Amino acid sequence: MCGICGYLTWGEKTVQQEIVHQMCEVIRHRGPDEEGIYVEKNIGLGMRRLNIIDLVTGHQPIHNEDKTIWVVYNGEIYNFQEIRKSLEKNGHRFYTQTDTEVIVHLYEEMGTRCVEKLNGMFGFALRDKQRNRLFLARDRIGIKPLHYARVNNQFIFGSEIKAILVHPDVNREIDLTSLDKYLTYEYIPAPQTIFKQIKKIPPGHILTINQAGELRTEQYWDISFKHDERIKSEEEYAEELLSLLKDAVKRRLISDVPLGVFLSGGIDSSTVTALMSELVPGQVKTFSIGFEDKSFDESCYARKVAQYFGTSHYEEILSPNKLIELVPVIADVLDEPLGDASIIPTYLLSKFTRKYVTVTLGGDGGDELFAGYPTYQAHRLAGFYEKIPSIIRQSMIEKVISHLPVSTSNISFDFQTKKFISGIPYPSEIRNYIWLGSFSPEEKKDLLSNEVCDILKNDTFEDIKIYLAKTDAQSLLERLLYLDMKFYLQEDILAKVDRASMANSLEVRAPFLDYTFVEFVANLPPHLKLQNLTTKYILKQAVNNLLPKGIANRKKKGFGIPIAKWFKQELKGFILDVFAESKIKQEGFFNYNYIKQLLTDHFENKKDNRKGLWTLLVFELWYEKYIKGKQ
């Protein structure tokens with residue numbers, strides 16, 4: 001696991017090794033063990049390495065036999081050993097034991113199609129001297145990040161945006177269209193970033209750029225929902241599901257350093273723990289954190305699972321002070337705004353886990369694959385709700401809901417019902433992001449300054465429409481699942497876990513996101529994922545007898561923190577400073593009076609504005625660091 005960076009020039013420009021070194025330095029946290037740099041006249045490749053596989057000879061950049069191909073790589077290729085055997089039979093000679101070298105020789109055999117053979121999480125950049133081009137690729141699901149900018153006859157890339165910002169020719173102009181999307185989604189969908197000049201390579205895509213600066217991107221994989229012609233029994237589906245998931249866990253146990261499991265006590269992480277315990281009995285280490293606020297705490301479930309499987313369990317209960325201390329420095333972890341407050345406990349869990357292991361497995365992806373979020377149930381309920389005459393809904397039901405007392409508890413009833421009502425006027429696929437996001441289009445008209453509103457002409461939901469035009473998903477449920485994989489999972493969950501874990505030099509692996517498992521689940525009949533109002537139906541059927549009683553069917557809690565309460569108490573002075581009138585007006589993005597009203601309503605318990613205020617707070621902290629501070 002590493003961080004990569006570098007740049008290609010054309011025309012009269014040449015690469016400066018010192019710039020590549022500086023780019024490496026700002027992502028040192030991704031690879032604290034060593035630095036590797038390869039520089040020729042017009043190409044520079046850099047990397048920081050976290051030693052996981054082949055601790056002795058796996059130094060990067062790695063080359064082929066005649067040194068005409070060089071690669072820097074971030075990630076893990078889980079099937080590298082079988083690929084290597086095949087390549088050796090074809091006459092390729094290896095000088096390391098690392099998975100990185102497989103990419104070089106596979107590229108010699110297949111060119112850019114080499115990515116089709118790779119099972120893993122990755123972002124890599126490969127220099128082909130004979131074809132005089134640079135080839136970049138990102139894994140199918142988007143577990144590992146990869147960004148780029150094309151500026152002044154230069155192509156600049158990096159695992160994190162902060163590496164690209166080191167380059168002196170890259171400016172920091174904010175993309176207002178991306179800001180608009182961030183305020184809705186709480187993240188910025190690929191290929192855009194918050195910066196006008198910098199883009200993300202989307203998951204499942206490759207990019208090539210030649211010495212003339214001609215750039216081409218191509219998609220090599222997408223999720224398909226084509227169902228098997230033969231309908232199997234539930235028992236057959238459940239058995240195959242468990243077998244494939246166990247294989248995915250087994251593939252992720254390849255490591256030359258200690259590894260463990262993030263264990264929340266939910267069905268996904270508990271299933272990973274169970275399967276890992278079968279594969280390496282008596283050797284499993286599990287890690288969890290708890291909260292003093294019991295409405296957010298799941299530690300008792302994690303302890304129950306750990307005890308059941310006899311793992312070496314490590315737990316830390318976080319006090320409000322420890323969590324709050326991280327809020328002002330959240331921008332140190334992020335290099336573009338991400339409005340998911342669970343990055344704080346994720347960061348602290350990663351920091352705690354890193355004391356004991358270098359690699360950990362997690363349960364990410366289970367909710368997006370098996371319709372595990374309450375929003376999927378809400379869509380079913382919305383269908384019934386819309387059948388009620390509008391006059392009754394508006395004059396009675398919605399009026400009662402609007403007067404429900406505000407609670408700061410985790411996923412409180414008033415918060416859920418008010419969010420539910422706010423999404424009803426929208427089409428189902430867009431409604432999902434009104435429920436999950438912060439500001440509706442109507443609210444943004446009041447939030448954004450007149451100057452910004454005059455500039456913005458975009459459709460906030462254009463990305464949703466583009467993805468819907470591409471997918472072969474037929475049912476509403478499958479369309480929602482597809483969008484959640486492309487938006488919430490890809491741009492929020494995976495970005496959050498990558499930044500929080502790699503900031504602590506910890507690698508996180510996700511068995512549920514093995515692409516072979518993803519393809520199997522996508523092809524399951526929709527009713528096996530959401531059956532009536534039962535989420536994750538077939539997964540629960542498959543693992544119910546595997547897990548301790550009550551774990552498979554317990555209510556989803558989520559990985560939240562009590563920010564609604566903090567804003568009224570411990571963080572009140574801090575956020576008032578962040579949202580100071582002079583500061584907001586000087587920046588020119590937002591209408592101060594609207595923010596003031598959000599704060600007043602929240603402080604006086606009239607509304608729960610936690611999501612909107614947190615989204616704005618993260619932007620302001622990011623802006624202070626990366627625009628004003630230029631770090």
# chains A, B, ... in the order shown; residues from 1 in each chain; ligands from 1
$ residues_around --residues "Cys453 in chain A" --least-positions-apart "3" --cutoff "10 Å" --atoms "only C-alpha atoms" --output "ChimeraX atom specification"
/A:176,180,444-450,456-457,589-590
$ select_by_dssp --residues "range 307-340 of chain A" --states "strand (DSSP E or B)" --output "PyMOL selection string"
chain A and resi 312-318
$ write_last_selection --atoms "all heavy atoms" --output "compact mmCIF listing (two decimals), in the first residue's frame"
# COMPACT_ATOMS: atom_id res chain seq x y z
N SER A 312 -8.94 -11.96 19.58
CA SER A 312 -8.22 -11.03 20.47
C SER A 312 -8.82 -9.66 20.22
O SER A 312 -8.57 -9.05 19.17
CB SER A 312 -6.73 -11.03 20.15
OG SER A 312 -6.17 -12.31 20.38
N HIS A 313 -9.64 -9.20 21.15
CA HIS A 313 -10.44 -8.01 20.91
C HIS A 313 -9.84 -6.79 21.59
O HIS A 313 -9.48 -6.83 22.77
CB HIS A 313 -11.87 -8.23 21.41
CG HIS A 313 -12.81 -7.13 21.01
ND1 HIS A 313 -13.04 -6.79 19.70
CD2 HIS A 313 -13.58 -6.29 21.77
CE1 HIS A 313 -13.92 -5.81 19.66
NE2 HIS A 313 -14.26 -5.49 20.89
N TYR A 314 -9.76 -5.69 20.82
CA TYR A 314 -9.22 -4.43 21.31
C TYR A 314 -10.30 -3.36 21.16
O TYR A 314 -10.90 -3.22 20.10
CB TYR A 314 -7.97 -4.02 20.52
CG TYR A 314 -6.87 -5.05 20.55
CD1 TYR A 314 -6.89 -6.14 19.68
CD2 TYR A 314 -5.80 -4.93 21.44
CE1 TYR A 314 -5.88 -7.10 19.70
CE2 TYR A 314 -4.78 -5.88 21.47
CZ TYR A 314 -4.82 -6.96 20.60
OH TYR A 314 -3.82 -7.89 20.62
N GLU A 315 -10.53 -2.65 22.23
CA GLU A 315 -11.64 -1.69 22.26
C GLU A 315 -11.20 -0.39 22.92
O GLU A 315 -10.44 -0.39 23.89
CB GLU A 315 -12.81 -2.30 23.02
CG GLU A 315 -14.01 -1.38 23.20
CD GLU A 315 -15.04 -2.00 24.13
OE1 GLU A 315 -15.73 -2.95 23.71
OE2 GLU A 315 -15.11 -1.55 25.29
N GLU A 316 -11.70 0.70 22.40
CA GLU A 316 -11.44 2.00 23.00
C GLU A 316 -12.76 2.77 23.07
O GLU A 316 -13.46 2.90 22.06
CB GLU A 316 -10.41 2.78 22.19
CG GLU A 316 -10.01 4.09 22.84
CD GLU A 316 -8.88 4.78 22.09
OE1 GLU A 316 -8.88 4.75 20.84
OE2 GLU A 316 -8.00 5.36 22.74
N ILE A 317 -13.10 3.24 24.26
CA ILE A 317 -14.30 4.06 24.43
C ILE A 317 -13.88 5.53 24.33
O ILE A 317 -13.03 5.99 25.10
CB ILE A 317 -14.99 3.79 25.79
CG1 ILE A 317 -15.37 2.30 25.89
CG2 ILE A 317 -16.22 4.68 25.93
CD1 ILE A 317 -16.36 1.83 24.85
N LEU A 318 -14.50 6.24 23.39
CA LEU A 318 -14.10 7.62 23.12
C LEU A 318 -14.96 8.60 23.90
O LEU A 318 -16.19 8.53 23.88
CB LEU A 318 -14.22 7.91 21.63
CG LEU A 318 -13.34 7.04 20.72
CD1 LEU A 318 -13.66 7.32 19.26
CD2 LEU A 318 -11.87 7.28 20.99
$ closest_atom_pairs --of "range 333-376 of chain A" --to "range 319-325 of chain A" --cutoff "9 Å" --atoms "only C-alpha atoms" --output "JSON lines"
{"residue": "A:Ile344", "atom": "CA", "partner": "A:Leu323", "partner_atom": "CA", "distance": 6.8}
{"residue": "A:Pro345", "atom": "CA", "partner": "A:Leu323", "partner_atom": "CA", "distance": 7.2}
{"residue": "A:Leu348", "atom": "CA", "partner": "A:Leu323", "partner_atom": "CA", "distance": 8.1}
$ select_by_dssp --residues "range 328-505 of chain A" --states "helix (DSSP H, G or I)" --output "ChimeraX atom specification"
/A:328-332,343-353,366-370,374-385,390-402,413-423,428-436,441-447,450-455,462-470,476-502
$ write_last_selection --atoms "C-alpha atoms" --output "short mmCIF file (atom, residue, chain, number, x, y, z; two decimals), in the first residue's frame"
data_model
loop_
_atom_site.label_atom_id
_atom_site.label_comp_id
_atom_site.auth_asym_id
_atom_site.auth_seq_id
_atom_site.Cartn_x
_atom_site.Cartn_y
_atom_site.Cartn_z
CA PRO A 328 -10.79 21.71 14.05
CA VAL A 329 -8.09 19.69 12.26
CA ILE A 330 -10.38 17.58 10.04
CA ALA A 331 -8.99 19.38 6.98
CA ASP A 332 -5.59 17.82 7.70
CA ILE A 343 -14.71 10.46 9.30
CA ILE A 344 -13.85 11.45 12.89
CA PRO A 345 -14.54 8.06 14.52
CA THR A 346 -13.14 6.33 11.43
CA TYR A 347 -9.91 8.29 11.85
CA LEU A 348 -9.71 7.53 15.56
CA LEU A 349 -10.49 3.83 14.99
CA SER A 350 -7.72 3.70 12.39
CA LYS A 351 -5.28 5.42 14.72
CA PHE A 352 -6.13 3.01 17.53
CA THR A 353 -5.93 -0.06 15.25
CA GLY A 366 -22.57 -4.63 2.30
CA ASP A 367 -25.24 -1.94 2.57
CA GLU A 368 -24.89 -0.82 -1.06
CA LEU A 369 -24.93 -4.37 -2.40
CA PHE A 370 -27.84 -5.71 -0.32
CA PRO A 374 -33.14 2.67 5.86
CA THR A 375 -33.61 4.76 2.71
CA TYR A 376 -34.49 1.60 0.80
CA GLN A 377 -37.31 0.93 3.23
CA ALA A 378 -38.29 4.60 2.95
CA HIS A 379 -38.70 4.27 -0.81
CA ARG A 380 -41.16 1.42 -0.25
CA LEU A 381 -43.06 3.50 2.30
CA ALA A 382 -43.02 6.53 0.00
CA GLY A 383 -45.01 4.54 -2.55
CA PHE A 384 -47.79 4.05 0.00
CA TYR A 385 -47.51 7.62 1.29
CA SER A 390 -52.27 15.46 -0.98
CA ILE A 391 -54.69 17.59 1.04
CA ILE A 392 -54.55 15.07 3.91
CA ARG A 393 -50.76 14.80 3.66
CA GLN A 394 -50.17 18.53 3.71
CA SER A 395 -52.84 19.69 6.14
CA MET A 396 -52.57 16.86 8.65
CA ILE A 397 -49.59 14.48 8.45
CA GLU A 398 -46.88 16.93 7.39
CA LYS A 399 -48.18 19.58 9.75
CA VAL A 400 -47.91 17.16 12.70
CA ILE A 401 -44.43 16.04 11.62
CA SER A 402 -43.20 19.63 11.32
CA PHE A 413 -37.64 9.77 14.93
CA ASP A 414 -38.20 13.46 14.25
CA PHE A 415 -35.03 13.67 12.13
CA GLN A 416 -36.07 10.65 10.04
CA THR A 417 -39.66 11.73 9.47
CA LYS A 418 -38.76 15.31 8.53
CA LYS A 419 -36.14 14.07 6.09
CA PHE A 420 -38.68 11.63 4.67
CA ILE A 421 -41.18 14.41 3.96
CA SER A 422 -38.51 16.65 2.40
CA GLY A 423 -37.79 14.10 -0.32
CA SER A 428 -37.33 8.46 -6.62
CA GLU A 429 -33.71 8.42 -7.83
CA ILE A 430 -33.21 12.07 -6.86
CA ARG A 431 -35.26 11.76 -3.68
CA ASN A 432 -32.63 9.38 -2.37
CA TYR A 433 -30.04 12.18 -2.36
CA ILE A 434 -32.41 14.68 -0.79
CA TRP A 435 -32.73 12.21 2.07
CA LEU A 436 -29.01 11.51 2.32
CA PRO A 441 -32.05 23.02 -4.63
CA GLU A 442 -34.56 25.39 -3.02
CA GLU A 443 -32.45 25.75 0.12
CA LYS A 444 -29.31 26.45 -1.93
CA LYS A 445 -31.03 29.42 -3.56
CA ASP A 446 -31.15 31.00 -0.12
CA LEU A 447 -27.79 29.71 1.06
CA ASN A 450 -26.31 36.24 -5.32
CA GLU A 451 -22.95 36.37 -7.09
CA VAL A 452 -22.58 32.58 -7.02
CA CYS A 453 -26.21 31.99 -8.03
CA ASP A 454 -25.72 34.27 -11.05
CA ILE A 455 -22.75 32.16 -12.21
CA GLU A 462 -26.92 15.88 -13.97
CA ASP A 463 -24.56 13.15 -12.69
CA ILE A 464 -27.52 11.00 -11.61
CA LYS A 465 -29.11 11.32 -15.04
CA ILE A 466 -25.85 10.42 -16.79
CA TYR A 467 -25.41 7.27 -14.72
CA LEU A 468 -29.05 6.23 -15.15
CA ALA A 469 -28.64 6.50 -18.92
CA LYS A 470 -25.70 4.05 -18.75
CA LEU A 476 -36.23 0.91 -9.19
CA LEU A 477 -34.39 -0.97 -6.44
CA GLU A 478 -31.55 -1.91 -8.78
CA ARG A 479 -31.30 1.63 -10.13
CA LEU A 480 -31.01 2.91 -6.55
CA LEU A 481 -28.38 0.30 -5.73
CA TYR A 482 -26.41 1.24 -8.85
CA LEU A 483 -26.48 4.92 -7.93
CA ASP A 484 -25.44 4.23 -4.36
CA MET A 485 -22.43 2.28 -5.64
CA LYS A 486 -21.51 5.16 -7.95
CA PHE A 487 -22.17 7.99 -5.52
CA TYR A 488 -22.41 7.29 -1.80
CA LEU A 489 -20.08 4.28 -1.68
CA GLN A 490 -17.54 5.54 -4.18
CA GLU A 491 -17.35 9.22 -3.25
CA ASP A 492 -18.20 9.14 0.47
CA ILE A 493 -17.61 5.79 2.18
CA LEU A 494 -14.52 4.70 0.29
CA ALA A 495 -12.98 8.18 0.18
CA LYS A 496 -13.56 8.57 3.92
CA VAL A 497 -12.04 5.19 4.79
CA ASP A 498 -9.06 5.73 2.48
CA ARG A 499 -8.19 9.18 3.85
CA ALA A 500 -8.81 8.30 7.50
CA SER A 501 -6.90 5.01 7.40
CA MET A 502 -4.01 6.14 5.22
#
$ residues_around --residues "Ile223 in chain A" --least-positions-apart "6" --cutoff "8 Å" --atoms "only C-alpha atoms" --output "ChimeraX atom specification"
/A:471,482,518-519,522
$ residues_around --residues "range 624-628 of chain A" --least-positions-apart "5" --cutoff "10 Å" --atoms "only C-alpha atoms" --output "list in words"
Lys162, Leu165, Asn171, Arg172, Glu173, Ile174, Val329, Ala331, Asp332, Leu334, Asp335, Glu336, Val578, Val618 and Phe619 of chain A
$ residues_around --residues "Gln192 in chain A" --least-positions-apart "5" --cutoff "10 Å" --atoms "only C-alpha atoms" --output "ChimeraX atom specification"
/A:147,175,177-178,181,197-202
$ closest_residue --among "A:Val521, A:Lys607, A:Thr9, A:Leu506" --to "Ser224 in chain A" --atoms "only C-alpha atoms"
A:Val521
$ residues_around --residues "Asp139 in chain A" --least-positions-apart "3" --cutoff "9 Å" --atoms "only C-alpha atoms" --output "PDB file with all heavy atoms, in the first residue's frame"
ATOM      1  N   VAL A 115      -5.624  -4.545 -17.000  1.00  0.00           N
ATOM      2  CA  VAL A 115      -6.471  -4.288 -15.829  1.00  0.00           C
ATOM      3  C   VAL A 115      -7.604  -5.304 -15.713  1.00  0.00           C
ATOM      4  O   VAL A 115      -8.112  -5.552 -14.620  1.00  0.00           O
ATOM      5  CB  VAL A 115      -7.057  -2.852 -15.866  1.00  0.00           C
ATOM      6  CG1 VAL A 115      -5.964  -1.823 -15.638  1.00  0.00           C
ATOM      7  CG2 VAL A 115      -7.769  -2.582 -17.196  1.00  0.00           C
ATOM      8  N   LEU A 118      -6.791  -8.111 -13.290  1.00  0.00           N
ATOM      9  CA  LEU A 118      -6.405  -7.784 -11.918  1.00  0.00           C
ATOM     10  C   LEU A 118      -7.600  -7.822 -10.979  1.00  0.00           C
ATOM     11  O   LEU A 118      -8.619  -7.168 -11.230  1.00  0.00           O
ATOM     12  CB  LEU A 118      -5.755  -6.400 -11.859  1.00  0.00           C
ATOM     13  CG  LEU A 118      -4.529  -6.185 -12.756  1.00  0.00           C
ATOM     14  CD1 LEU A 118      -4.039  -4.747 -12.644  1.00  0.00           C
ATOM     15  CD2 LEU A 118      -3.419  -7.167 -12.400  1.00  0.00           C
ATOM     16  N   ASN A 119      -7.479  -8.577  -9.916  1.00  0.00           N
ATOM     17  CA  ASN A 119      -8.496  -8.594  -8.860  1.00  0.00           C
ATOM     18  C   ASN A 119      -7.887  -7.912  -7.649  1.00  0.00           C
ATOM     19  O   ASN A 119      -7.015  -8.466  -6.984  1.00  0.00           O
ATOM     20  CB  ASN A 119      -8.908 -10.022  -8.504  1.00  0.00           C
ATOM     21  CG  ASN A 119     -10.048 -10.068  -7.500  1.00  0.00           C
ATOM     22  OD1 ASN A 119     -10.306  -9.088  -6.803  1.00  0.00           O
ATOM     23  ND2 ASN A 119     -10.718 -11.193  -7.412  1.00  0.00           N
ATOM     24  N   GLY A 120      -8.335  -6.713  -7.367  1.00  0.00           N
ATOM     25  CA  GLY A 120      -7.763  -6.005  -6.229  1.00  0.00           C
ATOM     26  C   GLY A 120      -8.255  -4.585  -6.135  1.00  0.00           C
ATOM     27  O   GLY A 120      -9.239  -4.189  -6.764  1.00  0.00           O
ATOM     28  N   MET A 121      -7.559  -3.806  -5.314  1.00  0.00           N
ATOM     29  CA  MET A 121      -7.808  -2.373  -5.195  1.00  0.00           C
ATOM     30  C   MET A 121      -6.513  -1.691  -5.624  1.00  0.00           C
ATOM     31  O   MET A 121      -5.433  -2.049  -5.167  1.00  0.00           O
ATOM     32  CB  MET A 121      -8.191  -2.003  -3.759  1.00  0.00           C
ATOM     33  CG  MET A 121      -7.214  -2.457  -2.702  1.00  0.00           C
ATOM     34  SD  MET A 121      -7.764  -1.940  -1.053  1.00  0.00           S
ATOM     35  CE  MET A 121      -6.400  -2.534  -0.045  1.00  0.00           C
ATOM     36  N   PHE A 122      -6.632  -0.712  -6.519  1.00  0.00           N
ATOM     37  CA  PHE A 122      -5.394  -0.145  -7.034  1.00  0.00           C
ATOM     38  C   PHE A 122      -5.604   1.189  -7.729  1.00  0.00           C
ATOM     39  O   PHE A 122      -6.679   1.512  -8.227  1.00  0.00           O
ATOM     40  CB  PHE A 122      -4.716  -1.118  -8.014  1.00  0.00           C
ATOM     41  CG  PHE A 122      -5.594  -1.579  -9.153  1.00  0.00           C
ATOM     42  CD1 PHE A 122      -5.755  -0.812 -10.298  1.00  0.00           C
ATOM     43  CD2 PHE A 122      -6.263  -2.801  -9.082  1.00  0.00           C
ATOM     44  CE1 PHE A 122      -6.559  -1.240 -11.338  1.00  0.00           C
ATOM     45  CE2 PHE A 122      -7.065  -3.240 -10.130  1.00  0.00           C
ATOM     46  CZ  PHE A 122      -7.214  -2.451 -11.265  1.00  0.00           C
ATOM     47  N   GLY A 123      -4.531   1.945  -7.742  1.00  0.00           N
ATOM     48  CA  GLY A 123      -4.353   3.096  -8.600  1.00  0.00           C
ATOM     49  C   GLY A 123      -2.891   3.057  -9.003  1.00  0.00           C
ATOM     50  O   GLY A 123      -2.027   3.009  -8.137  1.00  0.00           O
ATOM     51  N   GLY A 142     -13.369   1.645  -7.053  1.00  0.00           N
ATOM     52  CA  GLY A 142     -12.950   2.963  -6.590  1.00  0.00           C
ATOM     53  C   GLY A 142     -12.443   2.963  -5.162  1.00  0.00           C
ATOM     54  O   GLY A 142     -12.562   3.966  -4.455  1.00  0.00           O
ATOM     55  N   ILE A 143     -11.874   1.836  -4.725  1.00  0.00           N
ATOM     56  CA  ILE A 143     -11.370   1.744  -3.352  1.00  0.00           C
ATOM     57  C   ILE A 143     -10.144   2.626  -3.181  1.00  0.00           C
ATOM     58  O   ILE A 143      -9.966   3.274  -2.144  1.00  0.00           O
ATOM     59  CB  ILE A 143     -11.043   0.281  -3.000  1.00  0.00           C
ATOM     60  CG1 ILE A 143     -12.294  -0.587  -3.158  1.00  0.00           C
ATOM     61  CG2 ILE A 143     -10.492   0.171  -1.575  1.00  0.00           C
ATOM     62  CD1 ILE A 143     -12.036  -2.074  -3.037  1.00  0.00           C
ATOM     63  N   LYS A 144      -9.296   2.664  -4.197  1.00  0.00           N
ATOM     64  CA  LYS A 144      -8.096   3.501  -4.149  1.00  0.00           C
ATOM     65  C   LYS A 144      -8.270   4.711  -5.057  1.00  0.00           C
ATOM     66  O   LYS A 144      -8.810   4.606  -6.158  1.00  0.00           O
ATOM     67  CB  LYS A 144      -6.867   2.696  -4.570  1.00  0.00           C
ATOM     68  CG  LYS A 144      -6.467   1.628  -3.553  1.00  0.00           C
ATOM     69  CD  LYS A 144      -5.932   2.243  -2.262  1.00  0.00           C
ATOM     70  CE  LYS A 144      -6.897   2.128  -1.110  1.00  0.00           C
ATOM     71  NZ  LYS A 144      -6.458   2.775   0.126  1.00  0.00           N
ATOM     72  N   PRO A 145      -7.812   5.881  -4.612  1.00  0.00           N
ATOM     73  CA  PRO A 145      -8.031   7.127  -5.363  1.00  0.00           C
ATOM     74  C   PRO A 145      -6.930   7.399  -6.385  1.00  0.00           C
ATOM     75  O   PRO A 145      -5.816   6.891  -6.271  1.00  0.00           O
ATOM     76  CB  PRO A 145      -7.994   8.183  -4.256  1.00  0.00           C
ATOM     77  CG  PRO A 145      -7.010   7.625  -3.254  1.00  0.00           C
ATOM     78  CD  PRO A 145      -7.201   6.126  -3.288  1.00  0.00           C
ATOM     79  N   PRO A 202     -12.333   8.203 -12.807  1.00  0.00           N
ATOM     80  CA  PRO A 202     -13.449   7.442 -12.223  1.00  0.00           C
ATOM     81  C   PRO A 202     -13.064   5.979 -12.018  1.00  0.00           C
ATOM     82  O   PRO A 202     -12.211   5.438 -12.730  1.00  0.00           O
ATOM     83  CB  PRO A 202     -14.550   7.573 -13.277  1.00  0.00           C
ATOM     84  CG  PRO A 202     -14.172   8.753 -14.104  1.00  0.00           C
ATOM     85  CD  PRO A 202     -12.670   8.760 -14.124  1.00  0.00           C
ATOM     86  N   PRO A 203     -13.665   5.309 -11.067  1.00  0.00           N
ATOM     87  CA  PRO A 203     -13.440   3.865 -10.894  1.00  0.00           C
ATOM     88  C   PRO A 203     -13.740   3.103 -12.176  1.00  0.00           C
ATOM     89  O   PRO A 203     -14.601   3.499 -12.969  1.00  0.00           O
ATOM     90  CB  PRO A 203     -14.426   3.495  -9.788  1.00  0.00           C
ATOM     91  CG  PRO A 203     -14.630   4.759  -9.029  1.00  0.00           C
ATOM     92  CD  PRO A 203     -14.574   5.852 -10.043  1.00  0.00           C
ATOM     93  N   GLY A 204     -12.996   1.999 -12.368  1.00  0.00           N
ATOM     94  CA  GLY A 204     -13.224   1.184 -13.556  1.00  0.00           C
ATOM     95  C   GLY A 204     -12.796   1.853 -14.844  1.00  0.00           C
ATOM     96  O   GLY A 204     -13.242   1.452 -15.923  1.00  0.00           O
ATOM     97  N   HIS A 205     -11.918   2.851 -14.750  1.00  0.00           N
ATOM     98  CA  HIS A 205     -11.461   3.576 -15.937  1.00  0.00           C
ATOM     99  C   HIS A 205      -9.942   3.528 -16.055  1.00  0.00           C
ATOM    100  O   HIS A 205      -9.231   3.404 -15.046  1.00  0.00           O
ATOM    101  CB  HIS A 205     -11.886   5.043 -15.881  1.00  0.00           C
ATOM    102  CG  HIS A 205     -13.307   5.279 -16.282  1.00  0.00           C
ATOM    103  ND1 HIS A 205     -14.378   4.831 -15.537  1.00  0.00           N
ATOM    104  CD2 HIS A 205     -13.846   5.924 -17.360  1.00  0.00           C
ATOM    105  CE1 HIS A 205     -15.513   5.198 -16.131  1.00  0.00           C
ATOM    106  NE2 HIS A 205     -15.212   5.858 -17.233  1.00  0.00           N
TER     107      HIS A 205
END
$ residues_around --residues "Gln22 in chain A" --least-positions-apart "4" --cutoff "8 Å" --atoms "only C-alpha atoms" --output "VMD selection string"
chain A and resid 18 26 163 166
$ write_last_selection --atoms "C-alpha atoms" --output "short mmCIF file (atom, residue, chain, number, x, y, z; two decimals), in the first residue's frame"
data_model
loop_
_atom_site.label_atom_id
_atom_site.label_comp_id
_atom_site.auth_asym_id
_atom_site.auth_seq_id
_atom_site.Cartn_x
_atom_site.Cartn_y
_atom_site.Cartn_z
CA GLU A 18 12.82 18.13 -6.50
CA VAL A 26 3.07 15.60 1.36
CA ALA A 163 0.31 16.02 -4.01
CA VAL A 166 2.53 20.96 -4.63
#
$ closest_residue --among "A:Gly266, A:Pro526, A:Gly75, A:Pro337" --to "Ala371 in chain A" --atoms "only C-alpha atoms"
A:Pro526
$ atom_distance --atom1 "CA of Val249 in chain A" --atom2 "CA of Glu101 in chain A"
23.1 Å
$ closest_residue --among "A:Gln154, A:Thr184, A:Ser270, A:Gln586" --to "Gln211 in chain A" --atoms "only C-alpha atoms"
A:Gln154
$ closest_residue --among "A:His59, A:Lys611, A:Arg140, A:Lys585" --to "Ile561 in chain A" --atoms "only C-alpha atoms"
A:Lys611
